[in-house]
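Just target_7.txt here, compact mmCIF, C-alpha atoms and all ligand atoms:
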```txt
# COMPACT_ATOMS: atom_id res chain seq x y z
CA MET Z 1004 53.94 14.30 53.92
CA THR Z 1005 51.98 11.20 54.72
CA GLY Z 1006 53.47 7.74 54.63
CA ASP Z 1007 51.66 4.68 53.36
CA GLY Z 1008 50.96 3.26 56.81
CA THR Z 1009 49.52 6.53 58.07
CA ARG Z 1010 47.41 6.86 54.96
CA ALA Z 1011 46.17 3.27 55.21
CA VAL Z 1012 44.92 3.55 58.80
CA ARG Z 1013 43.05 6.81 58.09
CA ALA Z 1014 41.87 6.24 54.53
CA GLY Z 1015 38.21 7.01 53.96
CA LEU Z 1016 37.36 7.77 57.60
CA PRO Z 1017 34.68 10.42 58.16
CA PRO Z 1018 35.57 13.68 59.99
CA GLU Z 1019 35.85 13.25 63.78
CA GLU Z 1020 32.43 13.58 65.44
CA PRO Z 1021 32.20 13.32 69.25
CA TYR Z 1022 30.72 10.03 70.42
CA THR Z 1023 30.71 8.33 67.01
CA PRO Z 1024 32.99 5.44 66.00
CA PRO Z 1025 36.09 6.19 63.88
CA LEU Z 1026 34.86 3.75 61.23
CA PRO Z 1027 31.04 3.66 61.24
CA GLY Z 1028 29.54 0.18 61.03
CA PRO Z 1029 27.99 -1.32 57.91
CA VAL Z 1030 24.72 0.22 56.73
CA PHE Z 1031 22.25 -2.49 55.81
CA ALA Z 1032 19.59 -0.88 53.67
CA ALA Z 1033 17.66 -1.88 50.58
CA HIS Z 1034 16.09 1.59 50.50
CA TYR Z 1035 16.41 4.90 52.31
CA HIS Z 1036 13.82 7.45 53.48
CA LEU Z 1037 13.18 9.42 50.32
CA PRO Z 1038 10.82 12.38 50.49
CA GLY Z 1039 9.94 14.45 47.42
CA GLU Z 1040 12.40 15.04 44.58
CA VAL Z 1041 14.80 12.16 43.92
CA THR Z 1042 17.38 13.71 41.57
CA ASP Z 1043 19.79 14.98 44.23
CA ALA Z 1044 19.26 12.18 46.75
CA PRO Z 1045 22.68 10.69 47.60
CA TYR Z 1046 21.08 7.50 48.84
CA ALA Z 1047 17.77 6.28 47.44
CA TYR Z 1048 17.98 2.57 46.62
CA GLY Z 1049 20.48 -0.05 47.75
CA ARG Z 1050 21.60 -1.08 44.26
CA ASP Z 1051 22.72 2.47 43.42
CA ALA Z 1052 24.60 3.63 46.50
CA ASN Z 1053 25.36 2.79 50.11
CA PRO Z 1054 27.25 4.88 52.70
CA THR Z 1055 29.49 1.90 53.55
CA TRP Z 1056 30.53 1.64 49.90
CA THR Z 1057 31.08 5.39 49.77
CA ALA Z 1058 33.54 5.25 52.69
CA LEU Z 1059 35.42 2.30 51.16
CA GLU Z 1060 35.48 3.97 47.74
CA ARG Z 1061 37.00 7.11 49.25
CA ALA Z 1062 39.59 5.00 51.05
CA VAL Z 1063 40.63 3.13 47.91
CA SER Z 1064 40.84 6.41 45.96
CA GLU Z 1065 43.18 7.84 48.61
CA LEU Z 1066 45.44 4.79 48.34
CA GLU Z 1067 45.40 4.45 44.54
CA ASP Z 1068 45.74 8.17 43.86
CA PRO Z 1069 46.88 10.04 46.98
CA HIS Z 1070 47.87 13.18 45.08
CA GLY Z 1071 45.12 13.14 42.45
CA ASP Z 1072 41.36 13.35 42.35
CA ALA Z 1073 40.47 9.82 41.22
CA ARG Z 1074 37.13 8.27 42.05
CA THR Z 1075 36.48 4.64 42.87
CA VAL Z 1076 33.50 2.39 42.16
CA ALA Z 1077 33.32 -0.75 44.30
CA PHE Z 1078 32.02 -4.03 42.91
CA ALA Z 1079 30.91 -7.43 44.15
CA SER Z 1080 34.13 -9.08 42.92
CA GLY Z 1081 37.23 -8.45 40.87
CA MET Z 1082 35.57 -10.03 37.85
CA ALA Z 1083 32.58 -7.71 38.22
CA ALA Z 1084 34.98 -4.75 38.12
CA ILE Z 1085 36.98 -6.10 35.16
CA SER Z 1086 33.84 -6.94 33.18
CA ALA Z 1087 32.41 -3.50 33.93
CA VAL Z 1088 35.41 -1.78 32.32
CA LEU Z 1089 35.82 -4.12 29.36
CA LEU Z 1090 32.16 -4.60 28.51
CA SER Z 1091 30.93 -1.06 29.16
CA ARG Z 1092 33.74 0.58 27.18
CA THR Z 1093 33.92 -1.64 24.10
CA ARG Z 1094 31.97 -0.87 20.93
CA PRO Z 1095 31.62 -3.09 17.84
CA GLY Z 1096 34.80 -2.82 15.75
CA ASP Z 1097 36.99 -1.66 18.65
CA VAL Z 1098 40.43 -3.19 18.90
CA VAL Z 1099 41.10 -4.47 22.43
CA VAL Z 1100 44.59 -5.60 23.47
CA LEU Z 1101 44.61 -8.20 26.26
CA PRO Z 1102 47.46 -10.05 27.96
CA GLY Z 1103 47.53 -13.70 26.96
CA ASP Z 1104 49.07 -14.65 30.30
CA GLY Z 1105 46.79 -12.75 32.66
CA TYR Z 1106 44.07 -13.89 35.04
CA ASN Z 1107 42.54 -17.00 33.52
CA LEU Z 1108 39.00 -15.65 33.16
CA LEU Z 1109 40.29 -12.98 30.75
CA ASN Z 1110 40.24 -15.78 28.16
CA ARG Z 1111 36.52 -16.15 28.69
CA LEU Z 1112 35.98 -12.39 28.42
CA HIS Z 1113 37.92 -12.50 25.16
CA GLY Z 1114 35.13 -14.60 23.63
CA ARG Z 1115 32.46 -12.34 25.09
CA LEU Z 1116 34.12 -9.23 23.65
CA GLU Z 1117 34.26 -10.84 20.21
CA THR Z 1118 30.57 -11.69 20.45
CA GLN Z 1119 30.02 -7.96 20.98
CA GLY Z 1120 31.93 -7.23 17.78
CA ALA Z 1121 35.30 -6.22 19.24
CA ARG Z 1122 38.56 -7.33 17.64
CA VAL Z 1123 40.78 -8.79 20.35
CA ARG Z 1124 44.57 -9.07 20.15
CA THR Z 1125 46.27 -11.21 22.79
CA VAL Z 1126 49.92 -10.60 23.63
CA PRO Z 1127 52.36 -11.79 26.31
CA THR Z 1128 53.11 -9.46 29.23
CA GLY Z 1129 56.41 -7.62 29.01
CA GLY Z 1130 57.20 -8.54 25.41
CA ARG Z 1131 57.77 -6.32 22.40
CA GLU Z 1132 54.41 -7.61 21.05
CA GLN Z 1133 52.56 -5.48 23.60
CA THR Z 1134 53.70 -2.29 21.87
CA ASP Z 1135 53.36 -3.73 18.37
CA ALA Z 1136 49.71 -4.65 19.01
CA LEU Z 1137 48.66 -1.07 19.77
CA LYS Z 1138 48.01 0.17 16.23
CA GLY Z 1139 44.42 1.43 16.12
CA ALA Z 1140 43.63 0.09 19.60
CA ALA Z 1141 40.71 1.49 21.60
CA LEU Z 1142 41.58 -0.26 24.84
CA LEU Z 1143 44.80 -1.65 26.29
CA TRP Z 1144 44.51 -4.03 29.24
CA LEU Z 1145 47.60 -4.67 31.33
CA GLU Z 1146 48.13 -7.04 34.21
CA THR Z 1147 51.44 -6.43 35.93
CA PRO Z 1148 52.83 -8.40 37.63
CA SER Z 1149 50.86 -11.03 35.73
CA ASN Z 1150 49.11 -13.85 37.55
CA PRO Z 1151 50.47 -16.51 37.82
CA GLY Z 1152 53.66 -16.03 35.69
CA LEU Z 1153 54.82 -12.81 37.45
CA ASP Z 1154 55.97 -11.07 34.31
CA VAL Z 1155 56.09 -7.29 34.46
CA CYS Z 1156 55.49 -4.68 31.75
CA ASP Z 1157 56.38 -1.00 31.61
CA ILE Z 1158 53.13 0.80 32.44
CA ARG Z 1159 54.41 4.29 31.60
CA ALA Z 1160 55.93 3.39 28.24
CA LEU Z 1161 52.89 1.35 27.18
CA ALA Z 1162 50.42 3.98 28.41
CA ASP Z 1163 52.25 6.69 26.42
CA ALA Z 1164 52.25 4.53 23.29
CA ALA Z 1165 48.58 3.57 23.73
CA HIS Z 1166 47.54 7.18 24.31
CA ARG Z 1167 49.14 8.14 21.00
CA GLU Z 1168 46.62 5.74 19.42
CA GLY Z 1169 43.80 7.25 21.48
CA ALA Z 1170 43.36 4.07 23.53
CA LEU Z 1171 42.12 3.83 27.10
CA VAL Z 1172 44.65 2.11 29.36
CA ALA Z 1173 43.57 -0.10 32.26
CA VAL Z 1174 45.84 -1.96 34.68
CA ASP Z 1175 44.82 -4.92 36.81
CA ASN Z 1176 46.49 -3.95 40.10
CA THR Z 1177 45.36 -6.98 42.10
CA LEU Z 1178 48.74 -8.53 42.74
CA ALA Z 1179 50.60 -5.37 43.70
CA THR Z 1180 47.82 -3.63 45.68
CA PRO Z 1181 47.81 0.20 45.70
CA LEU Z 1182 50.68 0.15 48.19
CA GLY Z 1183 52.77 -1.84 45.75
CA GLN Z 1184 52.05 0.15 42.62
CA ARG Z 1185 50.02 3.22 41.63
CA PRO Z 1186 49.04 2.74 37.96
CA LEU Z 1187 47.34 6.15 37.62
CA GLU Z 1188 50.57 7.92 38.61
CA LEU Z 1189 52.36 5.80 36.00
CA GLY Z 1190 50.07 7.11 33.28
CA ALA Z 1191 47.24 4.55 33.17
CA ASP Z 1192 43.64 5.79 32.94
CA VAL Z 1193 42.11 3.09 35.08
CA SER Z 1194 43.29 0.89 37.94
CA VAL Z 1195 41.12 -2.19 38.42
CA ALA Z 1196 41.55 -4.85 41.07
CA SER Z 1197 40.15 -7.74 42.95
CA GLY Z 1198 39.86 -6.78 46.59
CA THR Z 1199 39.45 -10.47 47.37
CA LYS Z 1200 43.19 -11.01 47.49
CA ALA Z 1201 45.96 -9.04 49.20
CA LEU Z 1202 44.00 -5.79 49.53
CA THR Z 1203 41.74 -7.26 52.20
CA GLY Z 1204 44.01 -10.18 53.03
CA HIS Z 1205 41.87 -12.40 55.24
CA GLY Z 1206 40.41 -14.74 52.63
CA ASP Z 1207 36.90 -14.13 53.91
CA LEU Z 1208 35.24 -11.97 51.26
CA LEU Z 1209 34.95 -11.16 47.56
CA LEU Z 1210 35.24 -7.60 46.32
CA GLY Z 1211 36.46 -5.55 43.38
CA TYR Z 1212 36.94 -1.94 42.39
CA VAL Z 1213 37.62 0.45 39.53
CA THR Z 1214 39.58 3.67 40.22
CA THR Z 1215 39.92 6.40 37.60
CA ARG Z 1216 40.41 10.17 37.19
CA ASP Z 1217 38.30 10.00 34.03
CA ALA Z 1218 34.78 11.06 35.03
CA ALA Z 1219 33.21 9.47 31.93
CA VAL Z 1220 34.74 6.10 32.76
CA ALA Z 1221 33.65 6.36 36.40
CA ASP Z 1222 30.09 7.18 35.31
CA ALA Z 1223 30.04 4.36 32.77
CA VAL Z 1224 31.16 1.69 35.23
CA ARG Z 1225 28.85 2.99 37.94
CA ASP Z 1226 25.97 2.78 35.48
CA TRP Z 1227 27.12 -0.73 34.50
CA ARG Z 1228 27.16 -1.79 38.16
CA LYS Z 1229 23.57 -0.64 38.49
CA LEU Z 1230 22.44 -2.35 35.30
CA VAL Z 1231 23.95 -5.74 36.07
CA GLY Z 1232 23.52 -5.38 39.82
CA ALA Z 1233 27.10 -6.43 40.60
CA VAL Z 1234 27.01 -4.63 43.95
CA PRO Z 1235 29.17 -5.44 46.99
CA GLY Z 1236 27.38 -6.43 50.18
CA PRO Z 1237 27.63 -3.78 52.92
CA MET Z 1238 29.25 -6.32 55.25
CA GLU Z 1239 31.93 -7.15 52.69
CA ALA Z 1240 32.56 -3.47 51.99
CA TRP Z 1241 32.90 -2.77 55.71
CA LEU Z 1242 35.21 -5.73 56.35
CA ALA Z 1243 37.34 -4.58 53.42
CA HIS Z 1244 37.59 -1.05 54.79
CA ARG Z 1245 38.47 -2.37 58.23
CA SER Z 1246 41.21 -4.54 56.71
CA LEU Z 1247 42.87 -1.59 54.96
CA ALA Z 1248 44.19 -0.40 58.32
CA THR Z 1249 46.65 -3.32 58.34
CA LEU Z 1250 47.45 -3.24 54.62
CA GLN Z 1251 50.93 -1.80 55.02
CA LEU Z 1252 51.84 -4.19 57.86
CA ARG Z 1253 50.65 -7.17 55.83
CA VAL Z 1254 52.20 -6.30 52.47
CA ASP Z 1255 55.54 -5.31 53.99
CA ARG Z 1256 55.77 -8.55 55.96
CA GLN Z 1257 54.54 -10.63 53.03
CA ALA Z 1258 56.97 -9.06 50.56
CA ALA Z 1259 59.94 -9.50 52.92
CA THR Z 1260 59.10 -13.15 53.54
CA ALA Z 1261 58.36 -13.77 49.85
CA LEU Z 1262 61.85 -12.53 49.01
CA ALA Z 1263 63.42 -14.81 51.64
CA VAL Z 1264 61.36 -17.76 50.38
CA ALA Z 1265 62.27 -17.09 46.75
CA GLY Z 1266 65.96 -16.89 47.68
CA ALA Z 1267 65.80 -20.18 49.59
CA LEU Z 1268 63.92 -21.97 46.80
CA ARG Z 1269 66.40 -20.76 44.19
CA GLU Z 1270 69.18 -22.63 46.04
CA ARG Z 1271 67.41 -25.97 45.62
CA PRO Z 1272 68.34 -28.16 42.63
CA GLU Z 1273 64.85 -29.69 42.28
CA VAL Z 1274 63.25 -26.23 41.98
CA SER Z 1275 63.43 -24.39 38.66
CA GLY Z 1276 62.05 -21.13 37.29
CA VAL Z 1277 61.70 -19.34 40.64
CA ARG Z 1278 59.95 -16.04 39.99
CA HIS Z 1279 59.36 -13.10 42.30
CA PRO Z 1280 59.59 -9.47 41.11
CA GLY Z 1281 61.61 -8.49 44.18
CA LEU Z 1282 64.28 -11.14 43.61
CA PRO Z 1283 67.52 -9.67 42.22
CA GLY Z 1284 68.30 -11.54 39.02
CA ASP Z 1285 64.62 -12.20 38.26
CA PRO Z 1286 63.96 -11.27 34.61
CA ALA Z 1287 61.35 -8.72 35.77
CA HIS Z 1288 63.29 -7.30 38.71
CA ASP Z 1289 64.85 -4.19 37.16
CA LEU Z 1290 61.60 -2.96 35.67
CA ALA Z 1291 59.64 -3.92 38.79
CA ALA Z 1292 62.11 -1.97 40.94
CA ARG Z 1293 61.48 1.12 38.79
CA GLN Z 1294 57.69 1.09 38.86
CA MET Z 1295 56.71 -0.87 41.98
CA ARG Z 1296 56.98 0.27 45.58
CA ARG Z 1297 56.51 -3.22 47.05
CA PHE Z 1298 56.81 -6.52 45.24
CA GLY Z 1299 53.87 -8.52 46.52
CA CYS Z 1300 53.40 -11.85 48.21
CA VAL Z 1301 53.45 -14.31 45.31
CA VAL Z 1302 56.35 -16.60 44.45
CA SER Z 1303 56.03 -19.00 41.55
CA PHE Z 1304 58.28 -21.93 40.69
CA THR Z 1305 58.33 -25.27 38.92
CA LEU Z 1306 58.90 -28.70 40.46
CA PRO Z 1307 60.07 -31.69 38.38
CA ASP Z 1308 56.60 -33.05 37.62
CA ARG Z 1309 52.99 -33.21 38.70
CA ALA Z 1310 53.47 -36.04 41.22
CA PHE Z 1311 56.41 -34.23 42.85
CA ALA Z 1312 54.35 -31.06 43.17
CA GLU Z 1313 51.43 -32.98 44.67
CA ARG Z 1314 53.70 -34.67 47.24
CA PHE Z 1315 55.23 -31.29 48.09
CA LEU Z 1316 51.86 -29.62 48.63
CA ALA Z 1317 50.61 -32.53 50.73
CA ALA Z 1318 53.75 -32.44 52.92
CA LEU Z 1319 53.41 -28.74 53.84
CA ASP Z 1320 52.16 -27.98 57.35
CA LEU Z 1321 51.98 -24.18 57.33
CA VAL Z 1322 50.75 -23.71 53.77
CA HIS Z 1323 47.20 -24.61 52.81
CA ASP Z 1324 46.57 -26.17 49.41
CA ALA Z 1325 44.13 -23.56 48.17
CA THR Z 1326 43.60 -21.15 45.30
CA SER Z 1327 43.56 -17.34 45.57
CA PHE Z 1328 46.43 -15.38 47.14
CA GLY Z 1329 47.27 -12.45 49.35
CA GLY Z 1330 45.88 -13.84 52.60
CA VAL Z 1331 47.44 -13.73 56.04
CA ARG Z 1332 47.77 -17.54 55.94
CA SER Z 1333 50.13 -18.93 53.30
CA THR Z 1334 48.54 -20.88 50.47
CA ALA Z 1335 49.90 -22.69 47.45
CA GLU Z 1336 48.54 -24.68 44.57
CA ARG Z 1337 49.52 -26.51 41.44
CA ARG Z 1338 48.06 -24.17 38.85
CA GLY Z 1339 47.91 -26.93 36.24
CA ARG Z 1340 44.98 -28.48 38.09
CA TRP Z 1341 42.68 -25.76 36.71
CA GLY Z 1342 43.66 -26.24 33.09
CA GLY Z 1343 43.39 -22.50 32.29
CA ASP Z 1344 47.00 -21.27 32.51
CA ALA Z 1345 49.78 -22.15 30.08
CA VAL Z 1346 52.10 -23.54 32.78
CA PRO Z 1347 54.07 -26.80 33.28
CA GLU Z 1348 52.43 -29.61 35.29
CA GLY Z 1349 54.85 -29.03 38.17
CA PHE Z 1350 54.20 -25.25 38.34
CA VAL Z 1351 53.33 -24.01 41.83
CA ARG Z 1352 51.98 -20.59 42.77
CA LEU Z 1353 52.79 -19.84 46.39
CA SER Z 1354 51.17 -17.00 48.30
CA VAL Z 1355 53.20 -15.97 51.31
CA GLY Z 1356 51.23 -15.05 54.44
CA VAL Z 1357 52.30 -13.29 57.62
CA GLU Z 1358 53.73 -16.32 59.44
CA ASP Z 1359 57.26 -15.97 60.83
CA THR Z 1360 59.71 -16.07 57.95
CA ASP Z 1361 61.95 -18.76 59.48
CA ASP Z 1362 59.00 -21.06 60.17
CA LEU Z 1363 57.73 -20.75 56.64
CA VAL Z 1364 61.10 -21.27 54.96
CA ALA Z 1365 61.76 -24.31 57.17
CA ASP Z 1366 58.36 -25.81 56.30
CA LEU Z 1367 58.93 -25.33 52.56
CA LEU Z 1368 62.41 -26.88 52.63
CA ARG Z 1369 61.20 -29.79 54.75
CA ALA Z 1370 58.32 -30.43 52.31
CA LEU Z 1371 60.76 -30.39 49.38
CA ASP Z 1372 62.86 -33.04 51.16
CA ALA Z 1373 59.75 -35.12 51.83
CA ALA Z 1374 58.57 -34.83 48.21
CA GLY Z 1375 62.04 -35.82 46.98
CA ARG Z 1376 61.97 -39.04 49.02
CA GLY Z 1377 58.88 -40.05 47.01
C1 LIG Z 1401 41.51 -13.11 41.50
C2 LIG Z 1401 41.85 -12.19 40.40
C3 LIG Z 1401 40.83 -11.57 39.67
C4 LIG Z 1401 39.37 -11.86 39.91
O1 LIG Z 1401 38.93 -11.39 41.16
P1 LIG Z 1401 37.66 -12.02 41.92
O2 LIG Z 1401 37.54 -11.14 43.11
O3 LIG Z 1401 38.03 -13.44 42.24
O4 LIG Z 1401 36.52 -11.95 40.99
C5 LIG Z 1401 41.20 -10.69 38.68
N1 LIG Z 1401 42.49 -10.42 38.40
C6 LIG Z 1401 43.49 -11.00 39.07
C7 LIG Z 1401 44.91 -10.67 38.73
C8 LIG Z 1401 43.21 -11.90 40.09
O5 LIG Z 1401 44.21 -12.50 40.74
```

Please rewrite the model in this file as structure tokens.
Amino acid sequence: MTGDGTRAVRAGLPPEEPYTPPLPGPVFAAHYHLPGEVTDAPYAYGRDANPTWTALERAVSELEDPHGDARTVAFASGMAAISAVLLSRTRPGDVVVLPGDGYNLLNRLHGRLETQGARVRTVPTGGREQTDALKGAALLWLETPSNPGLDVCDIRALADAAHREGALVAVDNTLATPLGQRPLELGADVSVASGTKALTGHGDLLLGYVTTRDAAVADAVRDWRKLVGAVPGPMEAWLAHRSLATLQLRVDRQAATALAVAGALRERPEVSGVRHPGLPGDPAHDLAARQMRRFGCVVSFTLPDRAFAERFLAALDLVHDATSFGGVRSTAERRGRWGGDAVPEGFVRLSVGVEDTDDLVADLLRALDAAGRG
């Protein structure tokens, strides 16, 4: 029996060796000493493999699939990981089912997939359409909870239905992190995520990964990483591994505060559409409670209009107006400023950090008052 916190602090560490550090430092190498035959060399060239990646990849595999034998391939960013799965696995004529309300760059990949001859069906997360779109599908892409709308879909039910069609099932696990949800245990073939967000949590690096028990998929994405060169820097990989030790502390604190924040916002008349998967009464809560182990740090809600939302964001002291989410410092933004999501002008995505809950709630309520005064 190993709990999540215990697993997180030990994940991917090498066996104890006297007089060596518990987590070896980053290995900076473009090439390695390479005598003779090259076929069995674990490390030959820096685009193919790096011991710092290997340690991080083991760690992520332990967190995503503690009771299985999944393998992880680390990437330079979440988009590098997502593109590796979608572009390496799709053949001309394949039917690919994407969420229409997922990460905004999925829309751009949609066009790219069609250029490659795929037929793309886009469906909302959590709706009946997700099942209906599976006929003849080769690949089903899920993002749950979705960013930024926080809708949730039933991974197990959709994976079972997709497998009956012979489709590969991938889940973007960025928002939940592996401590919040384990897609492979819920029947998905692939868990993909941006490590830029809550996984590493300090807002100081970009990273992505693909975790799968399917050896062919692992080989294909590793080959893709080499071909396009979307490799993580050793420093980023090391910082990410170091940050995993506090993952449980961060996500527990963030989820508890997010719930308190969502509850407080729901009481306010000028705030509508408060969403957080952990909030009882949220349309996604029952399903989220069945398949998630922690509900994440994001709360989304809608303010009366764009000007109100801008005044609110400007009045906050403890919350930076910034994109991204999952960091130790709270951030929020008006998503409409990007133009990519189908959200109202007053829609705000708030990422709850690890500040004291009372301080954060007080700051948010005070900023609502200030915004209301005009
Ligand atoms: C941020 C994000 C990505 C992209 O990750 P990068 O590391 O920024 O490339 C993909 N999916 C989701 C759900 C995200 O939030």

Between CA of Leu1306 in chain Z and atom C2 of ligand LIG 1401 (chain Z), what distance in Å does the model show, to one decimal? 23.7 Å

So which residues touch range 1253-1256 of chain Z within 10 Å, counting all atoms listed in the file, skipping near sequence neighbours fewer than 6 positions away, as number ranges by chain? Z: 1179-1180, 1182-1183, 1201-1204, 1246-1247, 1297-1300, 1329-1331, 1355-1360

Would you mind listing the residues within 6 Å of ligand LIG 1401 (chain Z), counting only C-alpha atoms and all ligand atoms, as number ranges by chain? Z: 1080-1082, 1106, 1150, 1177-1178, 1197, 1199, 1209-1211

Can you list, as a ChimeraX atom specification, every protein, DNA or RNA residue that comes within 6 Å of Val1123 in chain Z when you count only C-alpha atoms, leaving out same-chain residues fewer than 6 positions away? /Z:1098-1100

At a cut-off of 10 Å, using only C-alpha atoms, what residues contact Arg1010 in chain Z? Leave out same-chain residues fewer than 4 positions from it and give the result as a list in words. Met1004, Thr1005, Gly1006, Ala1014, Gly1015, Ala1062, Glu1065, Leu1066, Pro1069, Leu1247, Ala1248 and Gln1251 of chain Z

Residues within 12 Å of Thr1334 in chain Z, all atoms listed in the file, excluding chain neighbours under 5 positions, as a ChimeraX atom specification: /Z:1200,1204-1206,1300-1303,1316-1317,1319-1329,1351-1358,1363,1367

Measure the distance from CA of Thr1249 in chain Z to CA of Glu1060 in chain Z in Å and round it to one decimal. 17.0 Å

List the neighbours of Asp1308 in chain Z out to 9 Å using only C-alpha atoms; skip same-chain residues closer than 3 positions along the sequence, and give me the result as a list of chain:residue names. Z:Thr1305, Z:Phe1311, Z:Ala1312, Z:Glu1313, Z:Pro1347, Z:Glu1348, Z:Gly1349, Z:Phe1350

Could you save those same residues with C-alpha atoms as a tab-separated table (two decimals), in the frame of the given file?
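Printed below is result_14.tsv as written:
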```
chain	number	residue	atom	x	y	z
Z	1305	THR	CA	58.33	-25.27	38.92
Z	1311	PHE	CA	56.41	-34.23	42.85
Z	1312	ALA	CA	54.35	-31.06	43.17
Z	1313	GLU	CA	51.43	-32.98	44.67
Z	1347	PRO	CA	54.07	-26.80	33.28
Z	1348	GLU	CA	52.43	-29.61	35.29
Z	1349	GLY	CA	54.85	-29.03	38.17
Z	1350	PHE	CA	54.20	-25.25	38.34
```

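Distances here use only C-alpha atoms; by that measure, the residue among Z:Val1063, Z:Glu1188, Z:Val1364, Z:Gln1133 closest to Leu1016 in chain Z is Z:Val1063.
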
Pick the closest to Lys1229 in chain Z from Z:Asp1051, Z:Asp1043, Z:Glu1336, Z:Glu1273: which is it, counting all atoms listed in the file?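 Between Z:Asp1051, Z:Asp1043, Z:Glu1336, Z:Glu1273, the residue approaching Lys1229 in chain Z most closely is Z:Asp1051.
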
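We find CA of Ser1194 in chain Z and CA of Pro1181 in chain Z to be spaced 9.0 Å apart.
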
Distance table requested - range 1233-1301 of chain Z against range 1028-1033 of chain Z, cut-off 9 Å, only C-alpha atoms: one row per qualifying residue with the closest atom pair and its distance in Å to one decimal, ordered by chain and rising residue number, as JSON lines.
```
{"residue": "Z:Gly1236", "atom": "CA", "partner": "Z:Phe1031", "partner_atom": "CA", "distance": 8.6}
{"residue": "Z:Pro1237", "atom": "CA", "partner": "Z:Pro1029", "partner_atom": "CA", "distance": 5.6}
{"residue": "Z:Met1238", "atom": "CA", "partner": "Z:Pro1029", "partner_atom": "CA", "distance": 5.8}
{"residue": "Z:Glu1239", "atom": "CA", "partner": "Z:Pro1029", "partner_atom": "CA", "distance": 8.8}
{"residue": "Z:Ala1240", "atom": "CA", "partner": "Z:Pro1029", "partner_atom": "CA", "distance": 7.8}
{"residue": "Z:Trp1241", "atom": "CA", "partner": "Z:Pro1029", "partner_atom": "CA", "distance": 5.6}
{"residue": "Z:Leu1242", "atom": "CA", "partner": "Z:Pro1029", "partner_atom": "CA", "distance": 8.6}
```

How would range 1049-1062 of chain Z look with N, CA and C atoms restored, written as an mmCIF file, in the frame of the given file?
```cif
data_model
loop_
_atom_site.group_PDB
_atom_site.id
_atom_site.type_symbol
_atom_site.label_atom_id
_atom_site.label_comp_id
_atom_site.auth_asym_id
_atom_site.auth_seq_id
_atom_site.Cartn_x
_atom_site.Cartn_y
_atom_site.Cartn_z
ATOM 1 N N GLY Z 1049 19.265 0.661 47.371
ATOM 2 C CA GLY Z 1049 20.480 -0.050 47.750
ATOM 3 C C GLY Z 1049 21.318 -0.577 46.607
ATOM 4 N N ARG Z 1050 20.781 -0.634 45.382
ATOM 5 C CA ARG Z 1050 21.600 -1.080 44.260
ATOM 6 C C ARG Z 1050 22.447 0.059 43.695
ATOM 7 N N ASP Z 1051 22.039 1.302 44.012
ATOM 8 C CA ASP Z 1051 22.720 2.470 43.420
ATOM 9 C C ASP Z 1051 23.832 3.006 44.305
ATOM 10 N N ALA Z 1052 23.613 3.012 45.610
ATOM 11 C CA ALA Z 1052 24.600 3.630 46.500
ATOM 12 C C ALA Z 1052 24.362 3.158 47.922
ATOM 13 N N ASN Z 1053 25.427 3.201 48.706
ATOM 14 C CA ASN Z 1053 25.360 2.790 50.110
ATOM 15 C C ASN Z 1053 26.481 3.521 50.833
ATOM 16 N N PRO Z 1054 26.214 4.106 52.000
ATOM 17 C CA PRO Z 1054 27.250 4.880 52.700
ATOM 18 C C PRO Z 1054 28.488 4.050 53.033
ATOM 19 N N THR Z 1055 28.325 2.746 53.242
ATOM 20 C CA THR Z 1055 29.490 1.900 53.550
ATOM 21 C C THR Z 1055 30.373 1.749 52.317
ATOM 22 N N TRP Z 1056 29.734 1.648 51.132
ATOM 23 C CA TRP Z 1056 30.530 1.640 49.900
ATOM 24 C C TRP Z 1056 31.245 2.968 49.748
ATOM 25 N N THR Z 1057 30.512 4.065 49.995
ATOM 26 C CA THR Z 1057 31.080 5.390 49.770
ATOM 27 C C THR Z 1057 32.370 5.552 50.571
ATOM 28 N N ALA Z 1058 32.345 5.113 51.841
ATOM 29 C CA ALA Z 1058 33.540 5.250 52.690
ATOM 30 C C ALA Z 1058 34.683 4.398 52.128
ATOM 31 N N LEU Z 1059 34.379 3.164 51.723
ATOM 32 C CA LEU Z 1059 35.420 2.300 51.160
ATOM 33 C C LEU Z 1059 35.958 2.887 49.854
ATOM 34 N N GLU Z 1060 35.056 3.401 49.030
ATOM 35 C CA GLU Z 1060 35.480 3.970 47.740
ATOM 36 C C GLU Z 1060 36.413 5.167 47.946
ATOM 37 N N ARG Z 1061 36.106 5.984 48.948
ATOM 38 C CA ARG Z 1061 37.000 7.110 49.250
ATOM 39 C C ARG Z 1061 38.361 6.589 49.687
ATOM 40 N N ALA Z 1062 38.334 5.555 50.528
ATOM 41 C CA ALA Z 1062 39.590 5.000 51.050
ATOM 42 C C ALA Z 1062 40.455 4.469 49.908
#
```
